[in-house]
Amino acid sequence: PSAGREVAAAVQPRDQRLRSVDQWERIAALAAATPGVLAVSPVVSGPAFASRGNSNKSVALLGVQPDAYRRVVKMDDYMTRGRFDVTGTNTLIGTDLAQDLGVTVGDKLRVTSANGRSETLDITGLFDMGNRDLNRRWVLMPLREAQNLLGYRLDITEIYVRTDQLFEAETLASQLAASGSAVVLANAD
């Protein structure tokens, strides 16, 4: 700009996107072969909005492989209503989110990711993780659907690991992270 001349600019922030795990299949196999590891689950997560009617809530989408995720996080223990069914367009949401949006098992829920993609999901179950923030924000859905919705193609953002070495969990996470992965130790037996 110079004197007597006006300039207009539109600055657009970059998309909110977590870094994906490079070569995640290799990292997951390495983690699964590590002594003390009981189960491994790939997860893709990202921000979205959940809406029903005029109600909107900011949520965190978690795309999971149902069988692998259940081996790491004992979801059956947290289910309060419905069933654990995360296939096709089926989803699980927390009890607080259900209350905030006025929905229950059998209802439909529209989710829209930060990149503008949206999907209508069928609520098959409600969970209570014992943490109000998780109950208010988590929306569990199939891994492939979440990858498409969040724009990750075939990538994931985290690897959840279940271990039987409670006091070695931090060391295990550090070792796996040094191999280039984003690891979350979800549970220790």
# chains A, B, ... in the order shown; residues from 1 in each chain; ligands from 1

$ residues_around --residues "Met75 of chain A" --least-positions-apart "3" --cutoff "8 Å" --atoms "only C-alpha atoms" --output "MDAnalysis selection string"
chainID A and resid 70 78:79 84 127

$ select_by_dssp --residues "chain A" --states "strand (DSSP E or B)" --output "PyMOL selection string"
chain A and resi 37-52+55-64+79-82+90-94+108-113+118-127+138-142+158-163+183-188

$ closest_residue --among "A:Asn56, A:Gly88, A:Val72, A:Leu134" --to "Gly102 of chain A" --atoms "only C-alpha atoms"
A:Asn56

$ residues_around --residues "Val37 of chain A" --least-positions-apart "4" --cutoff "8 Å" --atoms "only C-alpha atoms" --output "JSON, numbers by chain"
{"A": [31, 32, 33, 161, 162, 163, 164]}

$ residues_around --residues "Asp133 of chain A" --least-positions-apart "3" --cutoff "12 Å" --atoms "only C-alpha atoms" --output "JSON, numbers by chain"
{"A": [58, 59, 60, 93, 94, 95, 96, 97, 128, 129, 130, 136, 137, 138, 139]}

$ write_last_selection --atoms "C-alpha atoms" --output "PDB file, in the first residue's frame"
ATOM      1  CA  SER A  58     -18.595 -28.830  18.935  1.00  0.00           C
ATOM      2  CA  VAL A  59     -17.458 -32.473  19.049  1.00  0.00           C
ATOM      3  CA  ALA A  60     -14.446 -34.681  18.487  1.00  0.00           C
ATOM      4  CA  ILE A  93     -22.220 -40.712  21.542  1.00  0.00           C
ATOM      5  CA  GLY A  94     -21.835 -39.732  25.168  1.00  0.00           C
ATOM      6  CA  THR A  95     -24.774 -39.318  27.502  1.00  0.00           C
ATOM      7  CA  ASP A  96     -24.100 -35.601  28.020  1.00  0.00           C
ATOM      8  CA  LEU A  97     -23.974 -34.902  24.266  1.00  0.00           C
ATOM      9  CA  ASP A 128     -20.765 -42.789  30.012  1.00  0.00           C
ATOM     10  CA  MET A 129     -16.960 -42.821  30.291  1.00  0.00           C
ATOM     11  CA  GLY A 130     -17.055 -41.279  33.760  1.00  0.00           C
ATOM     12  CA  ARG A 136     -20.079 -34.237  25.950  1.00  0.00           C
ATOM     13  CA  ARG A 137     -17.655 -34.320  22.994  1.00  0.00           C
ATOM     14  CA  TRP A 138     -16.861 -37.818  21.697  1.00  0.00           C
ATOM     15  CA  VAL A 139     -18.648 -39.205  18.655  1.00  0.00           C
TER      16      VAL A 139
END

$ residues_around --residues "segment 42-50 of chain A" --least-positions-apart "6" --cutoff "8 Å" --atoms "only C-alpha atoms" --output "count of residues only"
33

$ atom_distance --atom1 "atom CA of Asp76 of chain A" --atom2 "atom CA of Thr89 of chain A"
19.5 Å

$ residues_around --residues "Asp107 of chain A" --least-positions-apart "3" --cutoff "8 Å" --atoms "only C-alpha atoms" --output "ChimeraX atom specification"
/A:103-104,122-123

$ write_last_selection --atoms "N, CA, C and O atoms" --output "mmCIF file, in the first residue's frame"
data_model
loop_
_atom_site.group_PDB
_atom_site.id
_atom_site.type_symbol
_atom_site.label_atom_id
_atom_site.label_comp_id
_atom_site.auth_asym_id
_atom_site.auth_seq_id
_atom_site.Cartn_x
_atom_site.Cartn_y
_atom_site.Cartn_z
ATOM 1 N N VAL A 103 -31.222 -35.998 21.871
ATOM 2 C CA VAL A 103 -31.311 -37.206 21.051
ATOM 3 C C VAL A 103 -31.141 -38.442 21.927
ATOM 4 O O VAL A 103 -30.688 -38.363 23.059
ATOM 5 N N THR A 104 -31.482 -39.590 21.353
ATOM 6 C CA THR A 104 -31.308 -40.863 22.046
ATOM 7 C C THR A 104 -31.069 -41.956 21.004
ATOM 8 O O THR A 104 -31.001 -41.674 19.800
ATOM 9 N N ASP A 122 -26.597 -42.690 12.390
ATOM 10 C CA ASP A 122 -27.644 -43.306 13.192
ATOM 11 C C ASP A 122 -27.079 -43.625 14.572
ATOM 12 O O ASP A 122 -26.080 -44.338 14.680
ATOM 13 N N ILE A 123 -27.709 -43.122 15.624
ATOM 14 C CA ILE A 123 -27.223 -43.358 16.990
ATOM 15 C C ILE A 123 -27.666 -44.752 17.437
ATOM 16 O O ILE A 123 -28.859 -45.030 17.534
#

$ closest_residue --among "A:Ala98, A:Ala169, A:Val86, A:Leu92" --to "Glu145 of chain A" --atoms "only C-alpha atoms"
A:Val86

$ closest_residue --among "A:Leu166, A:Leu140, A:Val105, A:Leu149" --to "Ser118 of chain A" --atoms "only C-alpha atoms"
A:Leu149

$ closest_residue --among "A:Thr171, A:Asn54, A:Gln23, A:Thr124" --to "Thr87 of chain A" --atoms "only C-alpha atoms"
A:Thr124

$ closest_residue --among "A:Ser174, A:Asn148, A:Ser20, A:Ser51" --to "Lys108 of chain A" --atoms "only C-alpha atoms"
A:Ser51

$ residues_around --residues "Arg71 of chain A" --least-positions-apart "5" --cutoff "10 Å" --atoms "only C-alpha atoms" --output "count of residues only"
7
